[in-house]
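Coordinates as given in model.txt (compact mmCIF, C-alpha atoms):
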```txt
# COMPACT_ATOMS: atom_id res chain seq x y z
CA MET U 1061 0.00 0.00 0.00
CA PHE U 1062 1.47 3.35 -1.06
CA MET U 1063 -0.48 6.61 -0.97
CA GLY U 1064 -3.78 4.76 -1.10
CA ALA U 1065 -2.87 2.63 -4.12
CA SER U 1066 -3.32 -1.10 -3.62
CA THR U 1067 -2.52 -2.49 -7.08
CA LYS U 1068 0.83 -2.59 -8.86
CA GLN U 1069 -0.38 -0.19 -11.56
CA GLY U 1070 -1.82 2.19 -8.96
CA GLN U 1071 1.42 2.16 -7.00
CA ASP U 1072 3.52 2.80 -10.12
CA ILE U 1073 1.37 5.84 -10.92
CA ALA U 1074 1.62 7.13 -7.34
CA LEU U 1075 5.40 6.70 -7.27
CA LYS U 1076 5.92 8.42 -10.61
CA SER U 1077 3.60 11.23 -9.55
CA ARG U 1078 5.50 11.71 -6.32
CA GLU U 1079 8.78 12.02 -8.25
CA ILE U 1080 7.27 14.67 -10.51
CA VAL U 1081 5.90 16.55 -7.50
CA ARG U 1082 9.36 16.55 -5.89
CA SER U 1083 10.98 17.86 -9.04
CA LEU U 1084 8.44 20.68 -9.14
CA ILE U 1085 8.46 21.84 -5.52
CA SER U 1086 11.60 20.57 -3.76
CA ASP U 1087 13.26 24.01 -3.75
CA LYS U 1088 10.14 25.58 -2.24
CA ILE U 1089 9.90 23.20 0.71
CA GLU U 1090 13.54 22.53 1.59
CA HIS U 1091 13.22 24.65 4.75
CA LEU U 1092 10.67 22.17 6.14
CA SER U 1093 11.35 18.99 8.14
CA LEU U 1094 11.20 15.71 6.20
CA GLU U 1095 7.81 14.93 7.74
CA GLU U 1096 6.45 18.36 6.81
CA GLN U 1097 7.84 18.00 3.28
CA SER U 1098 6.06 14.68 3.00
CA ILE U 1099 2.73 16.27 3.95
CA VAL U 1100 3.10 19.13 1.47
CA GLU U 1101 4.22 16.76 -1.29
CA ARG U 1102 1.13 14.66 -0.76
CA ILE U 1103 -1.10 17.75 -0.88
CA VAL U 1104 0.46 18.79 -4.21
CA HIS U 1105 0.16 15.21 -5.47
CA SER U 1106 -3.55 15.19 -4.57
CA THR U 1107 -4.40 18.55 -6.10
CA ALA U 1108 -1.87 18.74 -8.96
CA ASP U 1109 -1.55 22.33 -7.80
CA VAL U 1110 2.01 23.44 -7.03
CA GLU U 1111 0.76 26.63 -5.37
CA TYR U 1112 0.16 24.57 -2.24
CA ALA U 1113 3.92 24.33 -1.77
CA GLU U 1114 3.84 28.05 -1.07
CA ILE U 1115 0.61 28.52 0.85
CA CYS U 1116 0.83 25.68 3.37
CA HIS U 1117 1.78 26.81 6.85
CA ILE U 1118 2.57 24.19 9.50
CA SER U 1119 3.07 25.05 13.16
CA SER U 1120 6.25 23.60 14.68
CA ASP U 1121 4.34 21.27 17.04
CA PHE U 1122 1.84 20.01 14.47
CA VAL U 1123 3.57 16.84 13.24
CA LYS U 1124 4.61 15.64 16.70
CA CYS U 1125 1.19 16.24 18.32
CA SER U 1126 -0.69 14.74 15.39
CA ILE U 1127 1.41 11.59 15.15
CA GLU U 1128 1.11 11.06 18.90
CA SER U 1129 -2.66 11.37 18.66
CA ILE U 1130 -2.76 8.82 15.83
CA LYS U 1131 -0.40 6.41 17.57
CA ASN U 1132 -2.64 6.57 20.63
CA GLY U 1133 -5.64 5.71 18.47
CA LYS U 1134 -7.49 8.93 19.30
CA ASP U 1135 -10.38 10.05 17.11
CA ILE U 1136 -10.25 11.99 13.90
CA LEU U 1137 -13.22 14.37 13.52
CA THR U 1138 -14.14 15.81 10.13
CA ASP U 1139 -16.47 18.65 9.23
CA ILE U 1140 -18.11 16.92 6.25
CA ASN U 1141 -18.64 13.34 5.12
CA MET U 1142 -16.67 13.87 1.90
CA VAL U 1143 -13.55 14.42 4.01
CA ARG U 1144 -14.36 11.41 6.17
CA ALA U 1145 -14.74 9.21 3.08
CA GLY U 1146 -11.19 10.03 2.03
CA ILE U 1147 -9.57 9.14 5.35
CA ASN U 1148 -10.01 5.41 4.87
CA LYS U 1149 -6.79 3.89 6.18
CA TYR U 1150 -7.02 4.80 9.86
CA SER U 1151 -7.24 2.03 12.41
CA GLY U 1152 -8.97 4.38 14.86
CA GLU U 1153 -12.31 6.10 14.41
CA VAL U 1154 -13.01 8.81 11.84
CA LYS U 1155 -16.15 10.65 12.89
CA CYS U 1156 -18.44 13.19 11.26
CA PHE U 1157 -21.57 14.48 12.97
CA ILE U 1158 -22.94 16.84 10.31
CA ASN U 1159 -25.98 14.63 9.70
CA HIS U 1160 -26.51 13.69 13.34
CA PRO U 1161 -30.06 14.53 14.56
CA GLU U 1162 -28.65 16.40 17.60
CA THR U 1163 -26.44 18.49 15.32
CA ILE U 1164 -29.37 19.42 13.09
CA LYS U 1165 -31.45 20.36 16.15
CA MET U 1166 -28.60 22.41 17.62
CA ALA U 1167 -27.96 24.26 14.35
CA LYS U 1168 -31.59 25.31 14.09
CA LYS U 1169 -31.82 26.32 17.74
CA GLU U 1170 -28.61 28.38 17.76
CA GLY U 1171 -28.90 29.69 14.20
CA ILE U 1172 -25.47 28.37 13.24
CA THR U 1173 -24.30 26.11 10.42
CA ARG U 1174 -24.58 22.38 10.81
CA ALA U 1175 -20.81 22.07 10.36
CA ALA U 1176 -20.30 24.35 13.39
CA ALA U 1177 -22.97 22.61 15.44
CA ALA U 1178 -21.29 19.27 14.65
CA MET U 1179 -18.13 20.51 16.36
CA GLU U 1180 -20.11 21.50 19.43
CA TYR U 1181 -21.82 18.13 19.47
CA ALA U 1182 -18.45 16.35 19.28
CA ALA U 1183 -16.99 18.49 22.08
CA GLU U 1184 -19.96 17.73 24.31
CA ASN U 1185 -19.67 14.03 23.62
CA GLY U 1186 -16.14 13.30 24.66
CA PHE U 1187 -14.16 13.93 21.49
CA LYS U 1188 -10.38 13.74 21.84
CA GLY U 1189 -8.01 13.89 18.90
CA ILE U 1190 -7.41 15.59 15.57
CA VAL U 1191 -9.97 17.88 13.94
CA VAL U 1192 -9.99 18.02 10.14
CA ILE U 1193 -11.81 20.96 8.55
CA GLY U 1194 -11.85 20.73 4.76
CA ASN U 1195 -14.86 22.82 4.00
CA ALA U 1196 -16.54 25.09 6.54
CA PRO U 1197 -14.92 28.22 8.04
CA THR U 1198 -17.77 28.31 10.54
CA ALA U 1199 -16.70 24.91 11.87
CA LEU U 1200 -13.13 26.10 12.22
CA TYR U 1201 -14.16 29.22 14.15
CA LYS U 1202 -16.26 27.02 16.43
CA VAL U 1203 -13.33 24.69 17.10
CA ILE U 1204 -11.06 27.58 18.04
CA GLU U 1205 -13.76 29.00 20.32
CA LEU U 1206 -14.35 25.65 22.04
CA PHE U 1207 -10.61 25.10 22.49
CA GLU U 1208 -10.07 28.54 23.97
CA LYS U 1209 -12.94 28.02 26.40
CA GLY U 1210 -11.37 24.70 27.44
CA LYS U 1211 -14.38 22.81 26.14
CA MET U 1212 -12.75 20.71 23.43
CA ASP U 1213 -9.90 18.23 23.78
CA ILE U 1214 -7.88 18.90 20.64
CA GLU U 1215 -4.46 17.45 19.77
CA SER U 1216 -4.16 19.29 16.46
CA VAL U 1217 -6.24 20.83 13.68
CA ILE U 1218 -5.96 20.40 9.93
CA GLY U 1219 -7.61 23.70 9.09
CA VAL U 1220 -8.02 24.05 5.35
CA PRO U 1221 -11.55 25.32 4.68
CA VAL U 1222 -12.06 26.63 1.18
CA GLY U 1223 -13.85 29.63 -0.26
CA PHE U 1224 -14.12 33.34 -0.71
CA VAL U 1225 -16.26 33.99 2.37
CA GLY U 1226 -14.55 33.61 5.71
CA ALA U 1227 -12.09 30.83 4.86
CA THR U 1228 -8.99 33.03 4.78
CA GLU U 1229 -9.92 34.78 8.03
CA SER U 1230 -10.78 31.55 9.84
CA LYS U 1231 -7.40 30.07 8.93
CA TYR U 1232 -5.65 33.20 10.12
CA ALA U 1233 -7.51 32.84 13.42
CA LEU U 1234 -6.24 29.26 13.72
CA LYS U 1235 -2.70 30.38 12.89
CA SER U 1236 -2.94 32.94 15.71
CA SER U 1237 -4.17 30.36 18.23
CA GLN U 1238 -2.23 27.97 20.46
CA ILE U 1239 -3.56 24.93 18.61
CA PRO U 1240 -1.01 22.81 16.70
CA HIS U 1241 -2.10 23.24 13.08
CA ILE U 1242 -1.66 23.15 9.36
CA ILE U 1243 -3.42 25.78 7.27
CA THR U 1244 -3.42 26.98 3.69
CA LYS U 1245 -3.12 30.74 3.37
CA GLY U 1246 -5.83 32.45 1.32
CA PRO U 1247 -9.13 31.13 -0.04
CA LYS U 1248 -7.80 27.82 -1.38
CA GLY U 1249 -8.01 24.49 0.44
CA GLY U 1250 -10.73 21.89 0.52
CA THR U 1251 -11.41 18.19 0.78
CA PRO U 1252 -8.38 16.82 -1.13
CA VAL U 1253 -6.02 19.03 0.87
CA ALA U 1254 -7.57 17.98 4.18
CA VAL U 1255 -7.58 14.32 3.23
CA ALA U 1256 -4.00 14.40 1.92
CA ALA U 1257 -2.75 15.97 5.15
CA ALA U 1258 -4.62 13.46 7.32
CA ASN U 1259 -3.55 10.44 5.28
CA SER U 1260 0.03 11.63 5.23
CA LEU U 1261 0.03 11.83 9.04
CA ILE U 1262 -1.42 8.33 9.26
CA GLN U 1263 1.33 7.09 6.94
CA LEU U 1264 3.99 8.95 8.95
CA SER U 1265 2.75 7.42 12.19
CA LYS U 1266 3.34 3.95 10.72
CA ASP U 1267 6.78 4.89 9.52
CA ASN U 1268 9.40 4.21 12.17
CA LYS U 1269 12.36 4.50 9.90
CA ARG U 1270 14.76 7.38 9.64
CA ARG U 1271 14.60 7.76 5.89
CA LYS U 1272 12.18 9.98 4.06
CA PRO U 1273 8.64 9.03 5.06
CA ASP U 1274 6.03 7.86 2.55
CA GLU U 1275 8.70 6.20 0.41
CA ILE U 1276 8.82 2.48 -0.13
CA MET E 1479 -31.50 24.35 0.19
CA PHE E 1480 -28.93 26.27 -1.87
CA MET E 1481 -25.65 24.74 -3.01
CA GLY E 1482 -25.76 22.17 -0.25
CA ALA E 1483 -26.37 24.67 2.56
CA SER E 1484 -29.38 23.91 4.72
CA THR E 1485 -29.19 26.62 7.39
CA LYS E 1486 -29.75 30.36 7.03
CA GLN E 1487 -26.10 31.11 7.84
CA GLY E 1488 -24.89 28.46 5.42
CA GLN E 1489 -27.10 29.82 2.65
CA ASP E 1490 -25.96 33.40 3.27
CA ILE E 1491 -22.33 32.28 2.91
CA ALA E 1492 -23.08 30.32 -0.25
CA LEU E 1493 -24.94 33.26 -1.82
CA LYS E 1494 -22.22 35.77 -0.98
CA SER E 1495 -19.58 33.38 -2.29
CA ARG E 1496 -21.48 32.91 -5.52
CA GLU E 1497 -21.62 36.68 -6.01
CA ILE E 1498 -17.86 36.96 -5.50
CA VAL E 1499 -17.25 34.09 -7.91
CA ARG E 1500 -19.36 35.83 -10.56
CA SER E 1501 -17.49 39.09 -10.13
CA LEU E 1502 -14.21 37.22 -10.59
CA ILE E 1503 -14.99 35.07 -13.61
CA SER E 1504 -18.05 36.43 -15.45
CA ASP E 1505 -15.99 37.83 -18.32
CA LYS E 1506 -14.23 34.52 -18.78
CA ILE E 1507 -17.39 32.44 -19.10
CA GLU E 1508 -19.77 34.75 -20.96
CA HIS E 1509 -19.47 32.63 -24.11
CA LEU E 1510 -21.07 29.69 -22.28
CA SER E 1511 -24.79 28.92 -21.92
CA LEU E 1512 -26.43 29.89 -18.62
CA GLU E 1513 -26.44 26.24 -17.53
CA GLU E 1514 -22.76 25.84 -18.40
CA GLN E 1515 -21.93 29.08 -16.59
CA SER E 1516 -23.72 27.75 -13.54
CA ILE E 1517 -21.60 24.58 -13.56
CA VAL E 1518 -18.32 26.47 -13.90
CA GLU E 1519 -19.33 28.97 -11.20
CA ARG E 1520 -20.03 26.15 -8.81
CA ILE E 1521 -16.65 24.55 -9.57
CA VAL E 1522 -14.88 27.84 -8.83
CA HIS E 1523 -16.99 28.27 -5.69
CA SER E 1524 -15.99 24.79 -4.50
CA THR E 1525 -12.28 25.16 -5.19
CA ALA E 1526 -11.77 28.91 -4.68
CA ASP E 1527 -9.60 28.55 -7.76
CA VAL E 1528 -10.49 30.92 -10.60
CA GLU E 1529 -8.25 29.03 -13.02
CA TYR E 1530 -11.11 26.57 -13.47
CA ALA E 1531 -13.00 29.24 -15.39
CA GLU E 1532 -10.35 28.88 -18.08
CA ILE E 1533 -9.62 25.16 -18.07
CA CYS E 1534 -13.14 23.70 -18.05
CA HIS E 1535 -14.26 22.38 -21.40
CA ILE E 1536 -17.88 21.31 -21.84
CA SER E 1537 -19.12 19.50 -24.94
CA SER E 1538 -22.22 21.05 -26.52
CA ASP E 1539 -24.42 18.03 -25.70
CA PHE E 1540 -23.24 17.58 -22.11
CA VAL E 1541 -25.85 19.60 -20.20
CA LYS E 1542 -28.84 18.27 -22.15
CA CYS E 1543 -27.77 14.61 -21.94
CA SER E 1544 -26.84 14.86 -18.27
CA ILE E 1545 -30.05 16.57 -17.19
CA GLU E 1546 -32.13 14.04 -19.11
CA SER E 1547 -30.28 11.21 -17.37
CA ILE E 1548 -30.94 12.78 -13.98
CA LYS E 1549 -34.59 13.54 -14.72
CA ASN E 1550 -35.03 9.90 -15.71
CA GLY E 1551 -33.50 8.81 -12.41
CA LYS E 1552 -30.64 6.93 -14.03
CA ASP E 1553 -27.59 6.01 -11.97
CA ILE E 1554 -24.58 8.13 -11.17
CA LEU E 1555 -21.36 6.08 -10.99
CA THR E 1556 -18.27 7.48 -9.27
CA ASP E 1557 -14.69 6.23 -9.35
CA ILE E 1558 -14.01 6.71 -5.63
CA ASN E 1559 -16.09 6.89 -2.46
CA MET E 1560 -14.94 10.41 -1.66
CA VAL E 1561 -16.72 11.62 -4.80
CA ARG E 1562 -19.80 9.58 -3.96
CA ALA E 1563 -19.93 11.10 -0.47
CA GLY E 1564 -20.18 14.58 -1.98
CA ILE E 1565 -23.09 13.81 -4.30
CA ASN E 1566 -25.62 13.65 -1.51
CA LYS E 1567 -28.71 15.34 -2.90
CA TYR E 1568 -29.63 12.94 -5.69
CA SER E 1569 -32.94 11.12 -5.52
CA GLY E 1570 -31.55 8.34 -7.70
CA GLU E 1571 -28.67 6.02 -6.91
CA VAL E 1572 -25.05 7.10 -6.61
CA LYS E 1573 -22.85 4.04 -6.93
CA CYS E 1574 -19.18 3.29 -6.37
CA PHE E 1575 -17.73 -0.20 -6.78
CA ILE E 1576 -14.09 0.42 -5.88
CA ASN E 1577 -14.37 -1.70 -2.72
CA HIS E 1578 -16.62 -4.38 -4.22
CA PRO E 1579 -15.14 -7.89 -3.84
CA GLU E 1580 -15.63 -8.58 -7.58
CA THR E 1581 -13.77 -5.37 -8.44
CA ILE E 1582 -10.84 -6.31 -6.24
CA LYS E 1583 -10.73 -9.79 -7.78
CA MET E 1584 -10.91 -8.39 -11.32
CA ALA E 1585 -8.17 -5.81 -10.67
CA LYS E 1586 -5.79 -8.52 -9.43
CA LYS E 1587 -6.60 -10.89 -12.27
CA GLU E 1588 -6.25 -8.30 -15.04
CA GLY E 1589 -3.42 -6.32 -13.45
CA ILE E 1590 -5.37 -3.06 -13.64
CA THR E 1591 -6.28 -0.47 -11.00
CA ARG E 1592 -9.33 -1.04 -8.82
CA ALA E 1593 -10.82 2.20 -10.12
CA ALA E 1594 -10.65 0.84 -13.68
CA ALA E 1595 -11.94 -2.58 -12.66
CA ALA E 1596 -14.87 -0.87 -10.91
CA MET E 1597 -15.94 0.63 -14.24
CA GLU E 1598 -15.81 -2.77 -15.88
CA TYR E 1599 -17.82 -4.26 -13.03
CA ALA E 1600 -20.47 -1.53 -13.42
CA ALA E 1601 -20.67 -2.01 -17.19
CA GLU E 1602 -21.14 -5.76 -16.76
CA ASN E 1603 -23.86 -5.22 -14.19
CA GLY E 1604 -26.32 -3.07 -16.09
CA PHE E 1605 -25.10 0.44 -15.35
CA LYS E 1606 -26.89 3.23 -17.24
CA GLY E 1607 -26.32 6.91 -16.56
CA ILE E 1608 -23.63 9.47 -15.77
CA VAL E 1609 -20.06 8.49 -14.92
CA VAL E 1610 -18.15 10.80 -12.58
CA ILE E 1611 -14.36 10.42 -12.51
CA GLY E 1612 -12.74 12.70 -9.93
CA ASN E 1613 -9.56 10.82 -9.32
CA ALA E 1614 -8.30 8.02 -11.53
CA PRO E 1615 -7.17 8.48 -15.15
CA THR E 1616 -7.15 4.68 -15.48
CA ALA E 1617 -10.90 4.63 -14.74
CA LEU E 1618 -11.52 7.29 -17.37
CA TYR E 1619 -9.56 5.38 -20.02
CA LYS E 1620 -11.54 2.25 -19.15
CA VAL E 1621 -14.85 4.10 -19.51
CA ILE E 1622 -13.90 5.41 -22.96
CA GLU E 1623 -12.78 1.92 -24.02
CA LEU E 1624 -16.01 0.30 -22.79
CA PHE E 1625 -18.13 2.98 -24.49
CA GLU E 1626 -16.32 2.60 -27.79
CA LYS E 1627 -16.75 -1.18 -27.67
CA GLY E 1628 -20.47 -0.67 -27.06
CA LYS E 1629 -20.18 -2.31 -23.65
CA MET E 1630 -21.21 0.58 -21.38
CA ASP E 1631 -24.45 2.55 -21.45
CA ILE E 1632 -23.24 6.08 -20.81
CA GLU E 1633 -25.30 9.28 -20.96
CA SER E 1634 -22.39 11.59 -20.13
CA VAL E 1635 -19.06 11.68 -18.32
CA ILE E 1636 -17.76 14.18 -15.80
CA GLY E 1637 -14.09 13.47 -16.50
CA VAL E 1638 -11.90 15.45 -14.14
CA PRO E 1639 -9.19 13.10 -12.83
CA VAL E 1640 -6.32 14.88 -11.17
CA GLY E 1641 -2.57 14.41 -11.24
CA PHE E 1642 0.68 14.61 -13.10
CA VAL E 1643 0.59 11.05 -14.44
CA GLY E 1644 -1.96 10.33 -17.15
CA ALA E 1645 -4.71 12.72 -16.06
CA THR E 1646 -4.15 15.29 -18.82
CA GLU E 1647 -3.93 12.62 -21.51
CA SER E 1648 -7.01 10.74 -20.28
CA LYS E 1649 -9.07 13.93 -20.38
CA TYR E 1650 -7.84 14.69 -23.89
CA ALA E 1651 -8.96 11.19 -24.90
CA LEU E 1652 -12.42 11.91 -23.49
CA LYS E 1653 -12.54 15.25 -25.32
CA SER E 1654 -11.74 13.42 -28.57
CA SER E 1655 -14.46 10.83 -28.00
CA GLN E 1656 -18.17 10.94 -28.90
CA ILE E 1657 -19.20 10.92 -25.22
CA PRO E 1658 -20.98 14.06 -23.91
CA HIS E 1659 -18.51 15.40 -21.36
CA ILE E 1660 -17.00 18.01 -19.13
CA ILE E 1661 -13.24 17.98 -18.58
CA THR E 1662 -10.60 20.20 -17.03
CA LYS E 1663 -7.60 20.73 -19.28
CA GLY E 1664 -4.20 19.89 -17.74
CA PRO E 1665 -3.33 18.06 -14.52
CA LYS E 1666 -5.84 19.85 -12.26
CA GLY E 1667 -9.24 18.47 -11.28
CA GLY E 1668 -10.28 16.18 -8.47
CA THR E 1669 -13.06 15.39 -6.05
CA PRO E 1670 -14.43 18.91 -5.42
CA VAL E 1671 -14.54 19.63 -9.16
CA ALA E 1672 -16.32 16.35 -9.90
CA VAL E 1673 -18.77 16.83 -7.03
CA ALA E 1674 -19.49 20.45 -7.95
CA ALA E 1675 -20.27 19.52 -11.55
CA ALA E 1676 -22.54 16.65 -10.51
CA ASN E 1677 -24.38 18.65 -7.87
CA SER E 1678 -24.81 21.55 -10.25
CA LEU E 1679 -26.45 19.23 -12.80
CA ILE E 1680 -28.76 17.84 -10.11
CA GLN E 1681 -29.73 21.41 -9.17
CA LEU E 1682 -30.25 22.35 -12.83
CA SER E 1683 -32.48 19.34 -13.37
CA LYS E 1684 -34.76 20.61 -10.60
CA ASP E 1685 -34.81 24.09 -12.03
CA ASN E 1686 -37.62 24.55 -14.51
CA LYS E 1687 -37.45 28.30 -14.63
CA ARG E 1688 -36.00 30.42 -17.41
CA ARG E 1689 -33.84 32.61 -15.20
CA LYS E 1690 -30.27 31.86 -14.25
CA PRO E 1691 -30.13 28.41 -12.65
CA ASP E 1692 -28.88 27.83 -9.12
CA GLU E 1693 -30.24 31.19 -8.01
CA ILE E 1694 -32.98 31.48 -5.44
```
Represent the supplied structure as structure tokens.
Amino acid sequence: MFMGASTKQGQDIALKSREIVRSLISDKIEHLSLEEQSIVERIVHSTADVEYAEICHISSDFVKCSIESIKNGKDILTDINMVRAGINKYSGEVKCFINHPETIKMAKKEGITRAAAAMEYAAENGFKGIVVIGNAPTALYKVIELFEKGKMDIESVIGVPVGFVGATESKYALKSSQIPHIITKGPKGGTPVAVAAANSLIQLSKDNKRRKPDEI
Amino acid sequence: MFMGASTKQGQDIALKSREIVRSLISDKIEHLSLEEQSIVERIVHSTADVEYAEICHISSDFVKCSIESIKNGKDILTDINMVRAGINKYSGEVKCFINHPETIKMAKKEGITRAAAAMEYAAENGFKGIVVIGNAPTALYKVIELFEKGKMDIESVIGVPVGFVGATESKYALKSSQIPHIITKGPKGGTPVAVAAANSLIQLSKDNKRRKPDEI
């Protein structure tokens, strides 16, 4: 298994792609740790968009805190089901509460988005682990708020909501917080970015060797 | 319900975003029909990447064939589950066979990717409708091959696989085929593009009014 590919042909494609990605962005990410490079490479591989090599920002504690969370089997919480569907190699639980009846009730009652209410629901129901926001700025704001009030047990946040309304600002708020994080600066981000970052961390947590992670 | 948002706050964000998208790309898509404009706008909304206004190519029969397929309740077939998870407002069936035991068996036996084998499995099991490829070039090639051999009953293809290995070429092959299609030129594409195009078509098929689709 390499980068989600399970067949020989799939693995060959993934390997060749990874080589191309490296040739395109290696000079832009050489200041990062090997683990961080691996995450950014996978994001560029998943989006075929080299701009991500320049707009990813990773806090210095992000990799360590995230890998520890994964090694301890803590939960991964996503804002939308599309993100959850992509994180399909984790031995722990990947949760999404956007369609949960309590979330829907809470969203209506408080006049907030369902994505934000889903974060509140998770916090109230014992969530501990990594939060992955690939879509909704409102969910990211809620996570920061809950963390700062001491109401949510967060190890790290993959905060890459996408869009022209609020996404940039919400990621800046995360960058300014004490939460270990990865963000993408500006409006870009989204499901493939979120999924690539999460899957890369899962791969890294399995990798005990000293050489460059994600390589076979 | 507007562009997937079900709460007032969610709808406000979606509407404001759509306005911004229009202001950014309207001059680049004015040569398209209103329905085609609506699809491209939604793709740019979903990716926050205005480049999609320039790299989307839609065949002249794509919208008509796709909407007819949806109105007749025919299937939507996706290459990966992440794409399926995003197409969550269709009253018909959205299918994905990448994890089907027969697909896995076929992939091993034929030495092809599971995404490609999943297309073959669908074709052999009575699939009729729209194919949505958001990830795997190998699946797109397989779909074109099956169509040209008269072995797959396809109304249209959303062909937006992503990546530096084969994606560009596979989309060019689709563009050169007789299949009604949307593609993105070059390596870019992926799940959010595929999902945006599919959801836009579903919205358009519900819209019987003469004014700009996707507007409330």
Residue with smallest distance to chain E - pool U:His1105, U:Lys1231, U:Lys1245, U:Lys1266, counting all atoms listed in the file |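 Closest residue, counting all atoms listed in the file: U:His1105.
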Within-6 Å shell of (-13.1, 23.0, -16.6) in input frame, only C-alpha atoms, as a ChimeraX atom specification | /E:1530,1533-1535,1661-1662
Residue hits in chain E, query chain U, radius 10 Å, all atoms listed in the file, as a ChimeraX atom specification = /E:1483-1499,1522-1527,1558-1566,1582,1585-1586,1589-1593,1613-1616,1639-1645,1664-1670,1673
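From CA of Glu1180 in chain U back to CA of Thr1228 in chain U, the distance works out to 21.7 Å.
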Using CA of Tyr1232 in chain U and CA of Asn1159 in chain U as the two end points, give the distance in Å to one decimal.
->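 Distance reported for this atom pair: 27.5 Å.
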Suppose you want the space between CA of Tyr1599 in chain E and CA of Asn1677 in chain E; what is it in Å?
->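 Between CA of Tyr1599 in chain E and CA of Asn1677 in chain E the gap is 24.4 Å.
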Nearest to Ile1193 in chain U among U:Asp1213, U:Lys1165, U:Glu1153, U:Ile1136, with distances taken over all atoms listed in the file: which residue is it?
->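 Of U:Asp1213, U:Lys1165, U:Glu1153, U:Ile1136, the one nearest Ile1193 in chain U is U:Ile1136, counting all atoms listed in the file.
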Which residue out of E:Gly1637, E:Gly1551, E:Gly1628, E:Pro1658 has the minimum interatomic distance to Glu1602 in chain E when only C-alpha atoms are used?
-> E:Gly1628
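Counting all atoms listed in the file, the residue from U:Ile1089, U:Leu1094, U:Lys1134, U:Ile1099 that sits nearest to Glu1114 in chain U is U:Ile1089.
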So which residues are close to (-0.4, 17.3, 3.3), meaning at most 9 Å away in the file's coordinates with only C-alpha atoms counted, and can you show them as number ranges by chain?
-> U: 1096-1104, 1106, 1116, 1242, 1253-1261
Can you tell me, as a short mmCIF file (atom, residue, chain, number, x, y, z; two decimals) with C-alpha atoms, in the coordinates of the input, what residues are no more than 8 Å from Met1630 in chain E when counting only C-alpha atoms, ignoring any on the same chain fewer than 5 positions away?
```cif
data_model
loop_
_atom_site.label_atom_id
_atom_site.label_comp_id
_atom_site.auth_asym_id
_atom_site.auth_seq_id
_atom_site.Cartn_x
_atom_site.Cartn_y
_atom_site.Cartn_z
CA ALA E 1601 -20.67 -2.01 -17.19
CA GLU E 1602 -21.14 -5.76 -16.76
CA PHE E 1605 -25.10 0.44 -15.35
CA LYS E 1606 -26.89 3.23 -17.24
CA VAL E 1621 -14.85 4.10 -19.51
CA LEU E 1624 -16.01 0.30 -22.79
CA PHE E 1625 -18.13 2.98 -24.49
#
```
